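**Q** Next comes work-v2.cif, mmCIF, C-alpha atoms (C1' of nucleotides):
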```
data_data
loop_
_atom_site.label_atom_id
_atom_site.label_comp_id
_atom_site.auth_asym_id
_atom_site.auth_seq_id
_atom_site.Cartn_x
_atom_site.Cartn_y
_atom_site.Cartn_z
CA MET A 1 111.53 84.26 58.34
CA ALA A 2 112.09 84.86 62.01
CA SER A 3 111.53 81.59 63.73
CA ILE A 4 110.09 80.79 67.09
CA PRO A 5 112.50 79.66 69.77
CA PRO A 6 112.21 76.02 70.85
CA ASN A 7 109.59 75.32 73.46
CA GLN A 8 108.56 72.06 75.04
CA THR A 9 105.01 72.89 74.04
CA LEU A 10 103.94 72.67 70.43
CA TYR A 11 101.32 74.84 68.81
CA ILE A 12 99.32 72.95 66.23
CA ARG A 13 96.93 74.50 63.77
CA ASN A 14 94.89 73.58 60.74
CA LEU A 15 93.06 70.94 62.75
CA ASN A 16 89.67 69.85 61.53
CA ASP A 17 87.32 71.76 63.80
CA LYS A 18 84.41 69.50 63.00
CA ILE A 19 85.98 66.83 65.14
CA GLN A 20 84.79 66.35 68.68
CA LYS A 21 87.30 67.92 71.02
CA GLU A 22 87.97 64.83 73.07
CA VAL A 23 88.44 62.74 69.97
CA LEU A 24 90.87 65.27 68.64
CA LYS A 25 92.85 65.23 71.84
CA HIS A 26 92.95 61.45 71.89
CA ALA A 27 94.16 61.39 68.31
CA LEU A 28 96.85 63.98 68.97
CA TYR A 29 97.92 62.12 72.06
CA GLY A 30 98.25 58.96 70.01
CA LEU A 31 100.45 60.71 67.49
CA CYS A 32 102.56 62.59 70.01
CA ILE A 33 103.24 59.94 72.59
CA ALA A 34 105.64 58.29 70.18
CA TYR A 35 108.10 61.15 70.74
CA GLY A 36 108.07 61.48 74.49
CA ARG A 37 105.95 61.99 77.54
CA VAL A 38 102.93 64.19 76.91
CA LEU A 39 102.08 66.34 79.91
CA ASP A 40 98.92 67.96 78.62
CA ILE A 41 96.94 68.76 75.54
CA VAL A 42 94.84 71.88 75.43
CA ALA A 43 92.27 72.47 72.72
CA LEU A 44 89.50 75.02 72.84
CA LYS A 45 86.52 75.48 70.61
CA THR A 46 86.24 79.21 71.07
CA MET A 47 86.01 81.40 68.04
CA LYS A 48 89.61 82.40 68.37
CA MET A 49 91.06 79.03 69.27
CA ARG A 50 89.18 76.44 67.30
CA GLY A 51 91.23 74.34 64.94
CA GLN A 52 94.29 74.70 67.15
CA ALA A 53 95.84 72.77 69.97
CA PHE A 54 98.75 72.89 72.36
CA VAL A 55 100.68 69.79 73.21
CA ALA A 56 102.96 70.07 76.20
CA PHE A 57 105.84 67.63 76.27
CA ASP A 58 108.16 66.53 78.99
CA ASP A 59 111.10 68.27 77.38
CA ILE A 60 112.23 70.23 74.37
CA THR A 61 113.90 67.26 72.74
CA ALA A 62 110.64 65.36 72.57
CA ALA A 63 108.79 68.41 71.33
CA THR A 64 111.38 68.97 68.63
CA ALA A 65 111.22 65.37 67.44
CA ALA A 66 107.44 65.56 67.30
CA LEU A 67 107.57 68.87 65.48
CA ARG A 68 109.84 67.45 62.79
CA GLN A 69 107.87 64.26 62.30
CA LEU A 70 104.36 65.57 62.63
CA ASN A 71 104.49 68.83 60.73
CA GLY A 72 102.56 68.29 57.52
CA ARG A 73 101.17 64.96 58.63
CA ARG A 74 97.56 64.48 57.60
CA ILE A 75 95.00 63.85 60.27
CA PHE A 76 91.25 64.09 59.88
CA GLY A 77 91.88 65.10 56.32
CA ARG A 78 94.16 68.04 57.00
CA PRO A 79 97.90 68.47 57.13
CA LEU A 80 98.98 69.56 60.57
CA GLN A 81 100.87 72.81 60.89
CA VAL A 82 103.16 72.42 63.84
CA GLU A 83 105.28 75.11 65.48
CA TYR A 84 106.76 75.74 68.86
CA ALA A 85 104.33 77.51 71.17
CA LEU A 86 105.13 81.11 71.97
CA SER A 87 104.75 80.76 75.69
CA LYS A 88 105.12 78.25 78.44
CA SER A 89 102.18 76.00 79.26
CA ASN A 90 100.72 76.11 82.72
CA VAL A 91 101.54 72.47 83.30
CA VAL A 92 105.19 73.07 82.72
CA ALA A 93 105.16 76.26 84.76
CA GLN A 94 103.60 74.25 87.53
CA ASN A 95 106.31 71.67 87.20
CA ASP A 96 109.16 74.15 87.39
CA GLY A 97 107.54 76.20 90.11
CA SER A 98 107.14 79.37 88.07
CA TYR A 99 103.40 79.10 87.83
CA ARG A 100 101.42 82.08 89.15
CA PHE A 101 97.77 81.58 88.53
CA ASN A 102 96.95 85.25 88.57
CA GLU A 103 99.26 87.19 86.29
CA PRO A 104 97.21 88.14 83.27
CA HIS A 105 98.60 86.73 80.07
CA LYS A 106 96.49 88.95 77.90
CA HIS A 107 95.03 92.39 77.76
CA MET A 108 91.36 91.95 77.28
CA SER A 109 88.29 93.89 78.23
CA ALA A 110 85.91 92.43 80.77
CA VAL A 111 83.28 91.82 78.13
CA GLU A 112 85.75 90.15 75.82
CA ARG A 113 86.89 87.95 78.67
CA LYS A 114 83.30 87.03 79.37
CA ARG A 115 82.61 86.28 75.74
CA ILE A 116 85.53 83.89 75.60
CA THR A 117 84.50 82.21 78.83
CA ASP A 118 80.96 81.72 77.59
CA GLU A 119 82.15 80.20 74.38
CA SER A 120 84.46 77.85 76.17
CA SER A 121 81.68 76.43 78.25
CA GLU A 122 79.36 76.09 75.32
CA GLU A 123 78.69 72.43 74.72
CA ASP A 124 79.42 71.77 71.13
CA ASP A 125 80.83 68.32 71.37
CA ILE A 126 78.89 65.65 69.57
CA GLY A 127 79.13 63.01 72.20
CA PRO A 128 80.47 62.43 75.68
CA ALA A 129 84.13 62.14 76.49
CA PRO A 130 85.23 58.68 77.47
CA PRO A 131 84.56 58.21 81.15
CA ALA A 132 87.66 59.03 83.13
CA THR A 133 87.54 56.04 85.38
CA ASN A 134 86.10 52.58 85.45
CA GLU A 135 83.75 53.68 88.18
CA ASP A 136 82.35 56.37 85.91
CA TYR A 137 82.18 53.81 83.24
CA GLU A 138 79.85 51.55 85.16
CA ALA A 139 77.14 54.13 84.62
CA THR A 140 77.45 54.13 80.85
CA ARG A 141 78.39 50.55 80.20
CA ASP A 142 76.00 48.29 78.41
CA ASN A 143 75.78 45.13 80.38
CA GLY A 144 75.45 43.00 77.46
CA ASP A 145 75.70 40.47 75.20
CA ASP A 146 79.19 39.14 74.77
CA GLU A 147 79.84 35.63 75.79
CA VAL A 148 83.26 35.83 74.20
CA SER A 149 86.11 35.22 76.58
CA PRO A 150 88.66 37.96 77.23
CA SER A 151 91.44 38.27 74.70
CA SER A 152 94.27 40.62 73.90
CA THR A 153 92.56 41.46 70.62
CA LEU A 154 89.56 43.74 70.55
CA PHE A 155 86.93 43.71 67.88
CA ILE A 156 85.43 47.12 67.15
CA THR A 157 82.10 47.49 65.42
CA ASN A 158 79.53 50.18 64.68
CA LEU A 159 82.18 52.68 63.66
CA PRO A 160 81.26 55.61 61.45
CA ASP A 161 81.86 54.55 57.85
CA ASN A 162 84.56 57.04 57.06
CA ILE A 163 86.61 56.51 60.17
CA SER A 164 90.36 56.60 59.66
CA ILE A 165 92.99 54.39 61.21
CA ASP A 166 94.54 57.55 62.65
CA VAL A 167 91.46 58.28 64.66
CA LEU A 168 91.24 54.80 66.05
CA ALA A 169 94.91 54.64 66.82
CA GLY A 170 94.63 57.98 68.56
CA LEU A 171 91.88 56.69 70.76
CA PHE A 172 93.27 53.28 71.57
CA GLN A 173 96.90 54.28 71.93
CA LYS A 174 96.00 56.15 75.01
CA TYR A 175 95.68 52.91 76.89
CA ALA A 176 98.69 50.96 78.01
CA GLY A 177 99.75 47.95 76.00
CA PHE A 178 98.43 49.24 72.71
CA GLN A 179 100.10 47.62 69.72
CA GLU A 180 98.19 48.23 66.53
CA VAL A 181 94.92 48.85 64.76
CA ARG A 182 94.06 46.53 61.90
CA PRO A 183 91.31 47.31 59.46
CA VAL A 184 88.84 44.61 58.53
CA PRO A 185 89.15 44.25 54.77
CA GLY A 186 86.01 45.41 53.04
CA LYS A 187 84.36 46.54 56.27
CA ARG A 188 84.87 50.24 56.80
CA ASN A 189 83.02 50.24 60.08
CA MET A 190 84.94 47.52 61.85
CA ALA A 191 88.48 47.09 63.08
CA PHE A 192 90.69 44.98 65.24
CA VAL A 193 92.84 46.50 67.92
CA GLU A 194 95.71 44.55 69.31
CA TYR A 195 97.02 44.89 72.87
CA ALA A 196 100.00 43.31 74.51
CA THR A 197 97.99 41.51 77.14
CA VAL A 198 94.46 40.46 77.95
CA ASP A 199 94.45 42.84 80.88
CA SER A 200 95.45 45.86 78.86
CA ALA A 201 92.90 45.03 76.19
CA SER A 202 90.30 44.62 78.85
CA ALA A 203 91.11 47.98 80.42
CA ALA A 204 90.83 49.74 77.07
CA ARG A 205 87.59 47.97 76.34
CA ASN A 206 86.11 48.98 79.65
CA VAL A 207 86.68 52.63 78.91
CA LEU A 208 85.97 52.80 75.22
CA ASN A 209 83.01 50.51 74.72
CA GLY A 210 80.09 52.73 73.87
CA PHE A 211 82.26 55.74 73.06
CA LYS A 212 80.72 57.92 70.38
CA LEU A 213 82.84 58.91 67.43
CA SER A 214 79.74 60.29 65.80
CA ALA A 215 76.52 61.63 67.22
CA ASP A 216 74.39 58.54 66.85
CA GLN A 217 76.84 55.65 66.73
CA PRO A 218 78.34 54.41 69.95
CA MET A 219 81.12 52.09 68.94
CA ARG A 220 81.05 48.58 70.31
CA VAL A 221 84.25 47.19 71.70
CA ALA A 222 84.29 43.47 72.30
CA PHE A 223 86.93 40.83 72.74
CA SER A 224 87.83 39.16 69.52
CA ARG A 225 87.36 35.45 69.23
"C1'" DA B 226 94.00 82.87 60.14
"C1'" DG B 227 93.63 82.43 64.71
"C1'" DC B 228 99.13 81.36 70.78
"C1'" DA B 229 95.67 78.93 75.80
"C1'" DC B 230 95.39 76.82 80.18
"C1'" DA B 231 92.77 78.64 86.63
#
```
Translate the structure described by the file into structure tokens.

**A**
Amino acid sequence: MASIPPNQTLYIRNLNDKIQKEVLKHALYGLCIAYGRVLDIVALKTMKMRGQAFVAFDDITAATAALRQLNGRRIFGRPLQVEYALSKSNVVAQNDGSYRFNEPHKHMSAVERKRITDESSEEDDIGPAPPATNEDYEATRDNGDDEVSPSSTLFITNLPDNISIDVLAGLFQKYAGFQEVRPVPGKRNMAFVEYATVDSASAARNVLNGFKLSADQPMRVAFSR
DNA sequence: AGCACA
């Protein structure tokens, strides 16, 4: 079996394509960041590309470690199939100066190209991506009800019943200071998330409170008491 | 199964 030469980008397939794209990326990020710096994650929901993702690492060593550890690992109910990508990601090309944003990477008719483009812009995500900044967040935040004082432990409620620890870890690991997710025994729709400091917990809370993991259930992220 | 990104 002719194998693919090492590449600092991994090609991942067999992903559950029912999962909201942003959630998927967060989860992959959470899994991958353990092996090195992650430069970018690309996932498309086009006909051709759904169920697949590209994770660009800092270097080949990190990618190789992630490939070894993550291949076959179950996430969202499916074992990941991880290989090296065939080509260089744009992010890495940009980094090494070889990026030319014109050169066609595929031979495709104009109509095919248009079809792909249309599909890419189609909005099939269930809910919104987490706001990118705290400023964005102010618009979506619920100015509510917690009189609990800030803490390094977050208490998550209103989760979809069948949520996995993987998903939550994927989401919360993206924010600095993340330590662990702890299930609440007997309560499938709640969890604790531990951060190193009050500030890091607070930052994660600011972004993720109200984030939808399912269409109708914005999760609530509060400080634990 | 399916190797993209502006």

**Q** Once the PyMOL selection byres ((chain A and resi 146-155) around 7) has been evaluated on this model, what residues remain selected, and can you format them as an MDAnalysis selection string?

**A** chainID A and resid 144:145 156:157 191:198 201 221:225

**Q** Give me, as a PyMOL selection string, the contact residues of chain B against chain A at a cut-off of 7 Å, counting all atoms listed in the file.

**A** chain B and resi 227-228+230-231

**Q** Specify as a PyMOL selection string each residue included when the PyMOL selection byres ((chain A and resi 61-78) around 8) is applied to this file.

**A** chain A and resi 6-10+14-16+19+31-32+35-37+56-60+79-84+164+166-167

**Q** Expressed in Å to a single decimal, how great is the separation between CA of Leu39 (chain A) and CA of Pro218 (chain A)?

**A**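 Spanning CA of Leu39 (chain A) to CA of Pro218 (chain A) is a straight-line distance of 28.4 Å.
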
**Q** Just to confirm, what's the straight-line distance from CA of Lys21 (chain A) to CA of Val55 (chain A) in Å (one decimal)?

**A**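 Interatomic distance, CA of Lys21 (chain A) to CA of Val55 (chain A): 13.7 Å.
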
**Q** Give me, please, the distance in Å between CA of Arg188 (chain A) and CA of Asn162 (chain A), quoted to one decimal.

**A**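 Atom-to-atom, CA of Arg188 (chain A) and CA of Asn162 (chain A) are spaced 6.8 Å apart.
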